[in-house]
>>> print(open('upload.cif').read())   # mmCIF, C-alpha atoms and all ligand atoms
data_my_file
#
loop_
_atom_site.group_PDB
_atom_site.id
_atom_site.type_symbol
_atom_site.label_atom_id
_atom_site.label_comp_id
_atom_site.auth_asym_id
_atom_site.auth_seq_id
_atom_site.Cartn_x
_atom_site.Cartn_y
_atom_site.Cartn_z
ATOM 1 C CA MET S 1 -26.709 23.112 52.213
ATOM 2 C CA ASP S 2 -23.386 24.838 51.510
ATOM 3 C CA ILE S 3 -22.806 26.216 48.012
ATOM 4 C CA TYR S 4 -19.475 26.195 46.157
ATOM 5 C CA GLY S 5 -18.672 26.621 42.468
ATOM 6 C CA ILE S 6 -16.422 27.401 39.539
ATOM 7 C CA LEU S 7 -16.434 31.105 38.651
ATOM 8 C CA ALA S 8 -15.330 31.535 35.041
ATOM 9 C CA HIS S 9 -16.447 32.540 31.560
ATOM 10 C CA PRO S 10 -17.001 30.199 29.859
ATOM 11 C CA ALA S 11 -17.448 27.817 32.794
ATOM 12 C CA HIS S 12 -19.360 24.802 31.509
ATOM 13 C CA GLN S 13 -16.322 22.983 30.090
ATOM 14 C CA SER S 14 -14.864 22.669 33.606
ATOM 15 C CA LEU S 15 -14.385 19.238 35.190
ATOM 16 C CA SER S 16 -14.272 20.778 38.696
ATOM 17 C CA PRO S 17 -17.989 20.176 39.527
ATOM 18 C CA ALA S 18 -17.574 16.439 38.882
ATOM 19 C CA ILE S 19 -14.448 16.283 41.071
ATOM 20 C CA HIS S 20 -15.783 18.264 44.044
ATOM 21 C CA ASN S 21 -19.334 16.891 44.057
ATOM 22 C CA ALA S 22 -17.891 13.362 44.136
ATOM 23 C CA ALA S 23 -15.725 14.390 47.110
ATOM 24 C CA PHE S 24 -18.655 15.987 49.013
ATOM 25 C CA GLN S 25 -20.731 12.872 48.446
ATOM 26 C CA LYS S 26 -17.934 10.550 49.595
ATOM 27 C CA LEU S 27 -17.466 12.464 52.866
ATOM 28 C CA GLY S 28 -21.216 12.931 53.451
ATOM 29 C CA ILE S 29 -20.903 16.743 53.349
ATOM 30 C CA ASP S 30 -24.191 18.560 52.665
ATOM 31 C CA ALA S 31 -22.855 20.765 49.873
ATOM 32 C CA GLU S 32 -23.205 21.356 46.151
ATOM 33 C CA TYR S 33 -20.602 22.623 43.694
ATOM 34 C CA ARG S 34 -22.124 24.608 40.804
ATOM 35 C CA TYR S 35 -21.142 26.400 37.604
ATOM 36 C CA PHE S 36 -21.072 30.199 37.881
ATOM 37 C CA ASP S 37 -20.647 31.374 34.286
ATOM 38 C CA VAL S 38 -19.993 35.092 34.810
ATOM 39 C CA PRO S 39 -18.551 37.446 32.133
ATOM 40 C CA GLY S 40 -15.835 39.881 33.266
ATOM 41 C CA ASP S 41 -18.188 42.895 33.347
ATOM 42 C CA ASP S 42 -20.569 41.110 35.726
ATOM 43 C CA LEU S 43 -17.984 40.235 38.383
ATOM 44 C CA SER S 44 -18.856 43.057 40.803
ATOM 45 C CA SER S 45 -22.569 42.118 40.887
ATOM 46 C CA PHE S 46 -21.656 38.438 41.303
ATOM 47 C CA MET S 47 -19.481 39.313 44.306
ATOM 48 C CA ILE S 48 -22.491 40.960 45.987
ATOM 49 C CA GLU S 49 -24.488 37.804 45.233
ATOM 50 C CA MET S 50 -21.673 35.688 46.736
ATOM 51 C CA ARG S 51 -21.908 37.581 50.037
ATOM 52 C CA ASP S 52 -25.744 37.726 50.059
ATOM 53 C CA ASN S 53 -26.040 33.985 49.423
ATOM 54 C CA GLN S 54 -23.094 33.137 51.707
ATOM 55 C CA ILE S 55 -21.377 31.032 49.052
ATOM 56 C CA LYS S 56 -18.742 29.049 50.958
ATOM 57 C CA GLY S 57 -16.036 28.762 48.319
ATOM 58 C CA LEU S 58 -15.074 29.272 44.693
ATOM 59 C CA SER S 59 -12.614 27.956 42.155
ATOM 60 C CA VAL S 60 -11.675 30.953 39.998
ATOM 61 C CA SER S 61 -10.594 30.840 36.367
ATOM 62 C CA THR S 62 -10.345 33.078 33.280
ATOM 63 C CA PRO S 63 -11.151 36.034 33.124
ATOM 64 C CA HIS S 64 -11.429 36.672 36.887
ATOM 65 C CA LYS S 65 -8.164 35.388 38.418
ATOM 66 C CA GLU S 66 -6.264 38.681 38.287
ATOM 67 C CA VAL S 67 -9.224 40.888 39.307
ATOM 68 C CA ILE S 68 -11.174 39.071 42.022
ATOM 69 C CA GLY S 69 -8.604 39.890 44.716
ATOM 70 C CA HIS S 70 -9.962 43.474 44.853
ATOM 71 C CA TYR S 71 -13.315 42.165 46.116
ATOM 72 C CA LEU S 72 -11.978 39.877 48.875
ATOM 73 C CA ASP S 73 -11.212 40.577 52.552
ATOM 74 C CA LYS S 74 -7.799 38.902 52.778
ATOM 75 C CA LEU S 75 -5.183 37.638 50.325
ATOM 76 C CA ASP S 76 -2.663 34.853 50.886
ATOM 77 C CA PRO S 77 1.011 35.829 50.216
ATOM 78 C CA ALA S 78 1.188 33.435 47.228
ATOM 79 C CA CYS S 79 -1.675 35.359 45.535
ATOM 80 C CA LYS S 80 0.202 38.604 45.942
ATOM 81 C CA GLU S 81 3.415 37.199 44.449
ATOM 82 C CA ILE S 82 1.722 35.296 41.612
ATOM 83 C CA GLY S 83 -0.731 38.150 41.024
ATOM 84 C CA ALA S 84 -3.743 35.850 40.798
ATOM 85 C CA VAL S 85 -6.403 34.155 42.946
ATOM 86 C CA ASN S 86 -7.716 30.745 41.857
ATOM 87 C CA CYS S 87 -9.476 29.780 45.095
ATOM 88 C CA VAL S 88 -11.824 31.683 47.441
ATOM 89 C CA TYR S 89 -12.806 30.328 50.846
ATOM 90 C CA PHE S 90 -14.947 31.652 53.692
ATOM 91 C CA ARG S 91 -13.529 31.556 57.206
ATOM 92 C CA ASP S 92 -14.399 33.483 60.409
ATOM 93 C CA GLY S 93 -16.759 35.822 58.578
ATOM 94 C CA LYS S 94 -14.214 36.768 55.905
ATOM 95 C CA TYR S 95 -13.646 35.870 52.257
ATOM 96 C CA HIS S 96 -10.025 34.797 51.694
ATOM 97 C CA GLY S 97 -8.178 34.635 48.360
ATOM 98 C CA GLU S 98 -5.683 31.792 47.871
ATOM 99 C CA ASN S 99 -3.611 30.472 45.003
ATOM 100 C CA THR S 100 -3.489 26.676 44.794
ATOM 101 C CA ASP S 101 -2.325 26.488 41.137
ATOM 102 C CA TRP S 102 1.304 26.458 42.256
ATOM 103 C CA ILE S 103 0.574 23.457 44.508
ATOM 104 C CA GLY S 104 -0.985 21.769 41.476
ATOM 105 C CA ILE S 105 2.369 22.144 39.716
ATOM 106 C CA LYS S 106 4.786 21.422 42.571
ATOM 107 C CA GLU S 107 3.119 18.315 44.064
ATOM 108 C CA PRO S 108 2.881 16.151 40.907
ATOM 109 C CA ILE S 109 6.445 17.045 39.872
ATOM 110 C CA GLU S 110 7.822 16.203 43.303
ATOM 111 C CA ALA S 111 6.032 12.856 43.138
ATOM 112 C CA VAL S 112 8.428 11.875 40.321
ATOM 113 C CA GLU S 113 11.478 14.139 40.757
ATOM 114 C CA SER S 114 12.919 16.448 43.400
ATOM 115 C CA ILE S 115 12.891 20.073 42.177
ATOM 116 C CA GLU S 116 15.758 21.201 44.395
ATOM 117 C CA GLY S 117 18.821 22.203 42.375
ATOM 118 C CA LYS S 118 17.223 21.236 39.027
ATOM 119 C CA ARG S 119 17.342 23.220 35.764
ATOM 120 C CA VAL S 120 13.760 24.187 34.980
ATOM 121 C CA VAL S 121 12.544 25.524 31.640
ATOM 122 C CA ILE S 122 9.068 27.068 31.527
ATOM 123 C CA LEU S 123 7.380 27.479 28.121
ATOM 124 C CA GLY S 124 5.046 30.488 28.232
ATOM 125 C CA ALA S 125 4.901 33.799 30.056
ATOM 126 C CA GLY S 126 1.222 34.189 30.987
ATOM 127 C CA GLY S 127 -0.611 33.745 34.289
ATOM 128 C CA ALA S 128 0.032 30.009 34.514
ATOM 129 C CA ALA S 129 3.766 30.555 33.969
ATOM 130 C CA ARG S 130 3.753 32.914 36.965
ATOM 131 C CA ALA S 131 2.330 30.125 39.152
ATOM 132 C CA ALA S 132 4.977 27.755 37.732
ATOM 133 C CA ILE S 133 7.808 30.152 38.609
ATOM 134 C CA TYR S 134 6.468 30.512 42.162
ATOM 135 C CA ALA S 135 6.170 26.709 42.475
ATOM 136 C CA MET S 136 9.728 26.164 41.249
ATOM 137 C CA LYS S 137 11.057 28.823 43.628
ATOM 138 C CA GLN S 138 9.244 27.115 46.518
ATOM 139 C CA GLY S 139 10.873 23.851 45.417
ATOM 140 C CA LYS S 140 14.320 25.549 45.356
ATOM 141 C CA ALA S 141 15.022 24.931 41.650
ATOM 142 C CA GLY S 142 18.670 25.476 40.668
ATOM 143 C CA SER S 143 17.753 27.664 37.693
ATOM 144 C CA ILE S 144 14.549 28.840 36.017
ATOM 145 C CA THR S 145 14.434 29.875 32.354
ATOM 146 C CA ILE S 146 11.301 31.343 30.758
ATOM 147 C CA LEU S 147 10.952 30.802 27.006
ATOM 148 C CA ASN S 148 8.095 32.464 25.156
ATOM 149 C CA ARG S 149 6.792 33.209 21.648
ATOM 150 C CA THR S 150 6.825 36.934 22.472
ATOM 151 C CA VAL S 151 10.274 37.399 24.003
ATOM 152 C CA ASP S 152 9.330 40.775 25.546
ATOM 153 C CA HIS S 153 6.776 39.014 27.755
ATOM 154 C CA ALA S 154 9.424 36.495 28.891
ATOM 155 C CA HIS S 155 11.815 39.370 29.542
ATOM 156 C CA ASP S 156 9.303 41.213 31.758
ATOM 157 C CA LEU S 157 8.549 38.100 33.791
ATOM 158 C CA ALA S 158 12.239 37.212 34.118
ATOM 159 C CA LYS S 159 12.969 40.703 35.393
ATOM 160 C CA GLU S 160 10.187 40.510 37.981
ATOM 161 C CA PHE S 161 11.144 37.040 39.283
ATOM 162 C CA GLN S 162 14.901 37.173 38.586
ATOM 163 C CA CYS S 163 15.021 34.276 36.116
ATOM 164 C CA LYS S 164 16.654 33.704 32.725
ATOM 165 C CA PHE S 165 14.601 34.176 29.551
ATOM 166 C CA GLY S 166 14.594 33.631 25.796
ATOM 167 C CA SER S 167 12.560 32.577 22.772
ATOM 168 C CA LEU S 168 11.191 29.061 22.228
ATOM 169 C CA GLU S 169 14.022 28.532 19.709
ATOM 170 C CA ASP S 170 16.521 28.920 22.584
ATOM 171 C CA PHE S 171 15.386 25.634 24.196
ATOM 172 C CA GLY S 172 18.473 23.700 25.319
ATOM 173 C CA GLU S 173 19.459 21.948 28.551
ATOM 174 C CA ALA S 174 16.737 21.129 31.114
ATOM 175 C CA ASP S 175 15.860 18.617 33.826
ATOM 176 C CA ILE S 176 12.225 19.717 34.180
ATOM 177 C CA VAL S 177 10.161 21.257 31.358
ATOM 178 C CA ILE S 178 6.851 22.946 32.191
ATOM 179 C CA GLN S 179 4.517 23.548 29.247
ATOM 180 C CA ALA S 180 2.522 26.629 30.352
ATOM 181 C CA THR S 181 1.398 28.083 27.014
ATOM 182 C CA SER S 182 -2.124 27.733 25.621
ATOM 183 C CA ALA S 183 -0.747 26.500 22.273
ATOM 184 C CA GLY S 184 -2.699 23.387 21.272
ATOM 185 C CA LEU S 185 -5.520 23.938 23.774
ATOM 186 C CA ASN S 186 -8.638 22.120 22.521
ATOM 187 C CA ASP S 187 -6.794 21.342 19.280
ATOM 188 C CA PRO S 188 -6.614 17.592 18.570
ATOM 189 C CA LYS S 189 -4.072 18.211 15.759
ATOM 190 C CA GLY S 190 -1.633 19.621 18.329
ATOM 191 C CA VAL S 191 1.106 22.262 18.141
ATOM 192 C CA ARG S 192 4.787 21.306 18.381
ATOM 193 C CA LEU S 193 6.607 24.111 20.239
ATOM 194 C CA ILE S 194 9.872 22.216 20.779
ATOM 195 C CA PRO S 195 11.424 19.856 18.198
ATOM 196 C CA LYS S 196 11.287 16.246 19.426
ATOM 197 C CA GLU S 197 15.084 15.875 18.987
ATOM 198 C CA LYS S 198 15.622 18.503 21.704
ATOM 199 C CA LEU S 199 13.814 16.398 24.345
ATOM 200 C CA ASN S 200 15.643 13.593 26.136
ATOM 201 C CA ILE S 201 14.850 10.581 28.286
ATOM 202 C CA ASN S 202 16.155 12.190 31.500
ATOM 203 C CA MET S 203 13.691 15.095 31.387
ATOM 204 C CA VAL S 204 10.426 15.374 33.314
ATOM 205 C CA ILE S 205 7.835 16.955 31.016
ATOM 206 C CA PHE S 206 4.912 18.649 32.803
ATOM 207 C CA GLU S 207 1.940 19.737 30.683
ATOM 208 C CA MET S 208 -0.763 22.138 31.941
ATOM 209 C CA ILE S 209 -3.282 21.568 29.133
ATOM 210 C CA TYR S 210 -5.769 18.740 29.794
ATOM 211 C CA SER S 211 -7.795 19.040 26.594
ATOM 212 C CA PRO S 212 -6.676 17.153 24.583
ATOM 213 C CA LYS S 213 -5.485 14.661 27.210
ATOM 214 C CA GLU S 214 -2.245 14.030 25.288
ATOM 215 C CA THR S 215 -0.699 17.140 23.749
ATOM 216 C CA GLN S 216 2.132 17.152 21.215
ATOM 217 C CA ILE S 217 4.907 17.521 23.783
ATOM 218 C CA ILE S 218 3.434 14.655 25.856
ATOM 219 C CA LYS S 219 3.250 12.409 22.755
ATOM 220 C CA ASP S 220 6.852 13.297 21.832
ATOM 221 C CA ALA S 221 8.101 12.762 25.388
ATOM 222 C CA LYS S 222 6.361 9.376 25.654
ATOM 223 C CA GLU S 223 7.968 8.244 22.402
ATOM 224 C CA ILE S 224 11.431 8.853 23.821
ATOM 225 C CA GLU S 225 10.365 7.359 27.190
ATOM 226 C CA ALA S 226 10.825 10.550 29.197
ATOM 227 C CA ARG S 227 8.687 10.916 32.335
ATOM 228 C CA THR S 228 5.452 12.827 31.684
ATOM 229 C CA ILE S 229 2.814 14.552 33.818
ATOM 230 C CA THR S 230 -0.421 15.441 32.008
ATOM 231 C CA GLY S 231 -2.655 18.467 32.601
ATOM 232 C CA GLU S 232 -5.357 16.767 34.666
ATOM 233 C CA GLN S 233 -2.767 16.257 37.440
ATOM 234 C CA MET S 234 -2.514 20.028 37.931
ATOM 235 C CA LEU S 235 -6.297 20.315 37.977
ATOM 236 C CA LEU S 236 -6.548 17.525 40.554
ATOM 237 C CA HIS S 237 -3.790 18.703 42.877
ATOM 238 C CA GLN S 238 -4.929 22.346 42.928
ATOM 239 C CA GLY S 239 -8.406 20.924 43.574
ATOM 240 C CA TYR S 240 -7.249 18.791 46.543
ATOM 241 C CA ALA S 241 -5.730 21.905 48.134
ATOM 242 C CA ALA S 242 -8.888 23.970 47.481
ATOM 243 C CA PHE S 243 -11.160 21.257 48.902
ATOM 244 C CA GLU S 244 -9.088 21.121 52.098
ATOM 245 C CA LEU S 245 -9.264 24.915 52.508
ATOM 246 C CA TRP S 246 -13.031 24.871 52.048
ATOM 247 C CA THR S 247 -13.896 21.930 54.290
ATOM 248 C CA GLN S 248 -10.863 21.639 56.601
ATOM 249 C CA GLN S 249 -11.051 17.914 55.886
ATOM 250 C CA LYS S 250 -8.602 15.709 54.004
ATOM 251 C CA ALA S 251 -9.552 15.516 50.302
ATOM 252 C CA PRO S 252 -10.636 12.005 49.231
ATOM 253 C CA ARG S 253 -8.035 11.868 46.471
ATOM 254 C CA LYS S 254 -8.956 8.479 44.971
ATOM 255 C CA VAL S 255 -12.612 9.470 44.515
ATOM 256 C CA MET S 256 -11.635 12.787 42.929
ATOM 257 C CA GLU S 257 -9.191 11.053 40.589
ATOM 258 C CA GLN S 258 -11.893 8.583 39.589
ATOM 259 C CA ALA S 259 -14.336 11.461 38.892
ATOM 260 C CA ILE S 260 -11.882 13.167 36.556
ATOM 261 C CA ALA S 261 -11.121 9.894 34.759
ATOM 262 C CA GLU S 262 -14.868 9.425 34.157
ATOM 263 C CA GLY S 263 -15.047 13.045 32.914
ATOM 264 C CA PHE S 264 -12.567 12.138 30.172
ATOM 265 C CA GLU S 265 -14.530 9.089 28.993
HETATM 266 P P1 LIG S 301 -2.343 33.311 29.182
HETATM 267 O O1 LIG S 301 -2.073 34.181 30.361
HETATM 268 O O2 LIG S 301 -3.313 33.734 28.142
HETATM 269 O O3 LIG S 301 -0.911 33.022 28.475
HETATM 270 C C1 LIG S 301 -0.852 32.273 27.283
HETATM 271 C C2 LIG S 301 0.596 31.933 26.954
HETATM 272 O O4 LIG S 301 0.596 31.029 25.843
HETATM 273 C C3 LIG S 301 1.449 33.130 26.539
HETATM 274 O O5 LIG S 301 2.761 32.912 26.972
HETATM 275 C C4 LIG S 301 1.367 33.064 25.003
HETATM 276 O O6 LIG S 301 2.500 33.629 24.371
HETATM 277 C C5 LIG S 301 1.406 31.567 24.790
HETATM 278 N N1 LIG S 301 0.828 31.135 23.507
HETATM 279 C C6 LIG S 301 -0.483 31.206 23.139
HETATM 280 N N2 LIG S 301 -0.629 30.678 21.901
HETATM 281 C C7 LIG S 301 0.611 30.284 21.494
HETATM 282 C C8 LIG S 301 1.100 29.658 20.305
HETATM 283 N N3 LIG S 301 0.289 29.335 19.293
HETATM 284 N N4 LIG S 301 2.417 29.379 20.235
HETATM 285 C C9 LIG S 301 3.250 29.687 21.259
HETATM 286 N N5 LIG S 301 2.839 30.275 22.404
HETATM 287 C C10 LIG S 301 1.527 30.568 22.524
HETATM 288 O O7 LIG S 301 -2.850 31.852 29.650
HETATM 289 P P2 LIG S 301 -2.568 31.156 31.069
HETATM 290 O O8 LIG S 301 -3.619 31.534 32.025
HETATM 291 O O9 LIG S 301 -1.132 31.388 31.400
HETATM 292 O O10 LIG S 301 -2.817 29.606 30.691
HETATM 293 C C11 LIG S 301 -1.884 28.862 29.916
HETATM 294 C C12 LIG S 301 -2.384 27.432 29.768
HETATM 295 O O11 LIG S 301 -2.398 26.772 31.031
HETATM 296 C C13 LIG S 301 -3.814 27.342 29.226
HETATM 297 O O12 LIG S 301 -3.856 26.351 28.228
HETATM 298 C C14 LIG S 301 -4.641 26.915 30.422
HETATM 299 O O13 LIG S 301 -5.744 26.115 30.041
HETATM 300 C C15 LIG S 301 -3.618 26.069 31.196
HETATM 301 N N6 LIG S 301 -3.941 25.980 32.645
HETATM 302 C C16 LIG S 301 -4.218 24.741 33.140
HETATM 303 C C17 LIG S 301 -4.524 24.586 34.482
HETATM 304 C C18 LIG S 301 -4.820 23.217 35.031
HETATM 305 O O14 LIG S 301 -5.356 23.113 36.137
HETATM 306 N N7 LIG S 301 -4.454 22.150 34.327
HETATM 307 C C19 LIG S 301 -4.545 25.708 35.330
HETATM 308 C C20 LIG S 301 -4.233 26.976 34.789
HETATM 309 C C21 LIG S 301 -3.934 27.094 33.437
HETATM 310 P P3 LIG S 301 2.564 35.200 23.977
HETATM 311 O O15 LIG S 301 3.064 35.893 25.199
HETATM 312 O O16 LIG S 301 3.491 35.219 22.844
HETATM 313 O O17 LIG S 301 1.154 35.607 23.609
#
>>> encode(input="upload.cif", output="structure tokens")
Amino acid sequence: MDIYGILAHPAHQSLSPAIHNAAFQKLGIDAEYRYFDVPGDDLSSFMIEMRDNQIKGLSVSTPHKEVIGHYLDKLDPACKEIGAVNCVYFRDGKYHGENTDWIGIKEPIEAVESIEGKRVVILGAGGAARAAIYAMKQGKAGSITILNRTVDHAHDLAKEFQCKFGSLEDFGEADIVIQATSAGLNDPKGVRLIPKEKLNINMVIFEMIYSPKETQIIKDAKEIEARTITGEQMLLHQGYAAFELWTQQKAPRKVMEQAIAEGFE
């Protein structure tokens, strides 16, 4: 049996095991996707374990995304540009690092709106914002503006990726808004980063957070009937791409979507 898993700390809140085990079962693949709850200090010993046990693939999350690349045999160009690995797969005797987070952002947006030429505003300047910038560059966005609570962080990112930057108070014109901060994560009360009056019906609002399922910006956007994409879409689409790298088979998207929906019940 082939072993896969989510490498994170904490790991047990992840919905990835439900999604990938449902997909393995659907395709009759003899594999199991497990939780690997590994604190940052234990990463090097886990990487030895990964090779000894011939683990076939990993989803990688906090706090390992920026570090795990040092332990792998080959890195995809997207990992190098984004500076993070969120997927490990084994091929031809080598462990490869990939980044599928950007696919998880680009695909769901392009399902509702072309990115090419559009004005994109990204809220946040952490690791997820880096994947969002890469995704928007791949989609040939017309302009990318990074707005962040700590303006210095937005400035540094804007300099690296040649974008515009500012504070959250600078929010103005946009066609696509990507919420990439952790504000409101696991907080049912919610955090309003952008006043509702500044959103409009023509915008596409993409949220990365999937707990709670509807964040403040999603609630506000729905009220004004703007198009919304909620956080589980990013999780699903990066997961489809990871599954296809691991198995070299087409991901059974419907089954994976159903598994995540059941995870929210
Ligand atoms: P990170 O590197 O820690 O960055 C956090 C960002 O959030 C920073 O820009 C920080 O601003 C900002 N922030 C935190 N608290 C804030 C607050 N109260 N008000 C305003 N801004 C605040 O985190 P990350 O890895 O980029 O992840 C960001 C979010 O994306 C997380 O919620 C994560 O769960 C989500 N995510 C989802 C998926 C998915 O598959 N759906 C995948 C990856 C990430 P400062 O610079 O001012 O500190």
>>> resolve_selection(input="upload.cif", expression="the PyMOL selection byres (((not hetatm)) within 8 of (chain S and resi 301))", output="number ranges by chain")
S: 61-62, 101, 104, 123-130, 148-154, 179-185, 191, 193, 207-210, 231-236, 238
>>> resolve_selection(input="upload.cif", expression="the PyMOL selection byres (((chain S and resi 93) around 12) and not hetatm)", output="ChimeraX atom specification")
/S:51,54-56,72-74,89-92,94-96
>>> residues_around(input="upload.cif", residues="range 194-204 of chain S", least_positions_apart="2", cutoff="10 Å", atoms="only C-alpha atoms", output="MDAnalysis selection string")
chainID S and resid 109 112:113 119:120 123 168:178 191:192 206:207 216:217 219:229
>>> atom_distance(input="upload.cif", atom1="CA of Met47 in chain S", atom2="CA of Ala11 in chain S")
16.4 Å
>>> resolve_selection(input="upload.cif", expression="the PyMOL selection byres (((chain S and resi 241) around 12) and not hetatm)", output="PyMOL selection string")
chain S and resi 20+59+86-89+98-107+234-240+242-253
>>> atom_distance(input="upload.cif", atom1="CA of Asp187 in chain S", atom2="CA of Thr215 in chain S")
8.6 Å
>>> residues_around(input="upload.cif", residues="Phe36 in chain S", least_positions_apart="4", cutoff="12 Å", atoms="only C-alpha atoms", output="list of chain:residue names")
S:Ile3, S:Tyr4, S:Gly5, S:Ile6, S:Leu7, S:Ala8, S:His9, S:Pro10, S:Ala11, S:His12, S:Gln13, S:Ser14, S:Ser16, S:Pro17, S:Gly40, S:Asp42, S:Leu43, S:Phe46, S:Met47, S:Glu49, S:Met50, S:Ile55, S:Gly57, S:Leu58, S:Ser59, S:Val60, S:Ser61, S:His64
>>> write_last_selection(input="upload.cif", atoms="C-alpha atoms", output="short mmCIF file (atom, residue, chain, number, x, y, z; two decimals), keeping the file's coordinate frame")
data_model
loop_
_atom_site.label_atom_id
_atom_site.label_comp_id
_atom_site.auth_asym_id
_atom_site.auth_seq_id
_atom_site.Cartn_x
_atom_site.Cartn_y
_atom_site.Cartn_z
CA ILE S 3 -22.81 26.22 48.01
CA TYR S 4 -19.48 26.20 46.16
CA GLY S 5 -18.67 26.62 42.47
CA ILE S 6 -16.42 27.40 39.54
CA LEU S 7 -16.43 31.10 38.65
CA ALA S 8 -15.33 31.54 35.04
CA HIS S 9 -16.45 32.54 31.56
CA PRO S 10 -17.00 30.20 29.86
CA ALA S 11 -17.45 27.82 32.79
CA HIS S 12 -19.36 24.80 31.51
CA GLN S 13 -16.32 22.98 30.09
CA SER S 14 -14.86 22.67 33.61
CA SER S 16 -14.27 20.78 38.70
CA PRO S 17 -17.99 20.18 39.53
CA GLY S 40 -15.84 39.88 33.27
CA ASP S 42 -20.57 41.11 35.73
CA LEU S 43 -17.98 40.24 38.38
CA PHE S 46 -21.66 38.44 41.30
CA MET S 47 -19.48 39.31 44.31
CA GLU S 49 -24.49 37.80 45.23
CA MET S 50 -21.67 35.69 46.74
CA ILE S 55 -21.38 31.03 49.05
CA GLY S 57 -16.04 28.76 48.32
CA LEU S 58 -15.07 29.27 44.69
CA SER S 59 -12.61 27.96 42.16
CA VAL S 60 -11.68 30.95 40.00
CA SER S 61 -10.59 30.84 36.37
CA HIS S 64 -11.43 36.67 36.89
#
>>> atom_distance(input="upload.cif", atom1="CA of Ser143 in chain S", atom2="CA of Leu75 in chain S")
28.0 Å
>>> closest_residue(input="upload.cif", among="S:Ile82, S:Gly166, S:Glu160, S:Asn186", to="Ala132 in chain S", atoms="only C-alpha atoms")
S:Ile82
>>> build_atoms(input="upload.cif", residues="range 175-190 of chain S", atoms="N, CA and C atoms", output="short mmCIF file (atom, residue, chain, number, x, y, z; two decimals), in the coordinates of the input")
data_model
loop_
_atom_site.label_atom_id
_atom_site.label_comp_id
_atom_site.auth_asym_id
_atom_site.auth_seq_id
_atom_site.Cartn_x
_atom_site.Cartn_y
_atom_site.Cartn_z
N ASP S 175 16.24 19.84 33.10
CA ASP S 175 15.86 18.62 33.83
C ASP S 175 14.34 18.51 33.89
N ILE S 176 13.69 19.67 34.07
CA ILE S 176 12.22 19.72 34.18
C ILE S 176 11.72 20.74 33.17
N VAL S 177 10.75 20.34 32.35
CA VAL S 177 10.16 21.26 31.36
C VAL S 177 8.68 21.43 31.70
N ILE S 178 8.26 22.67 31.86
CA ILE S 178 6.85 22.95 32.19
C ILE S 178 6.20 23.65 31.01
N GLN S 179 5.23 22.98 30.40
CA GLN S 179 4.52 23.55 29.25
C GLN S 179 3.36 24.39 29.78
N ALA S 180 3.52 25.72 29.76
CA ALA S 180 2.52 26.63 30.35
C ALA S 180 1.97 27.60 29.32
N THR S 181 2.05 27.24 28.02
CA THR S 181 1.40 28.08 27.01
C THR S 181 0.00 27.52 26.76
N SER S 182 -0.82 28.27 26.01
CA SER S 182 -2.12 27.73 25.62
C SER S 182 -2.08 27.18 24.20
N ALA S 183 -0.88 27.03 23.64
CA ALA S 183 -0.75 26.50 22.27
C ALA S 183 -1.24 25.06 22.25
N GLY S 184 -2.19 24.76 21.38
CA GLY S 184 -2.70 23.39 21.27
C GLY S 184 -3.90 23.11 22.16
N LEU S 185 -4.35 24.12 22.91
CA LEU S 185 -5.52 23.94 23.77
C LEU S 185 -6.75 23.64 22.91
N ASN S 186 -7.44 22.57 23.24
CA ASN S 186 -8.64 22.12 22.52
C ASN S 186 -8.39 21.86 21.03
N ASP S 187 -7.14 21.57 20.68
CA ASP S 187 -6.79 21.34 19.28
C ASP S 187 -6.24 19.92 19.13
N PRO S 188 -7.07 18.99 18.65
CA PRO S 188 -6.61 17.59 18.57
C PRO S 188 -5.42 17.40 17.64
N LYS S 189 -5.22 18.33 16.68
CA LYS S 189 -4.07 18.21 15.76
C LYS S 189 -2.76 18.48 16.50
N GLY S 190 -2.82 19.34 17.51
CA GLY S 190 -1.63 19.62 18.33
C GLY S 190 -0.73 20.68 17.73
#
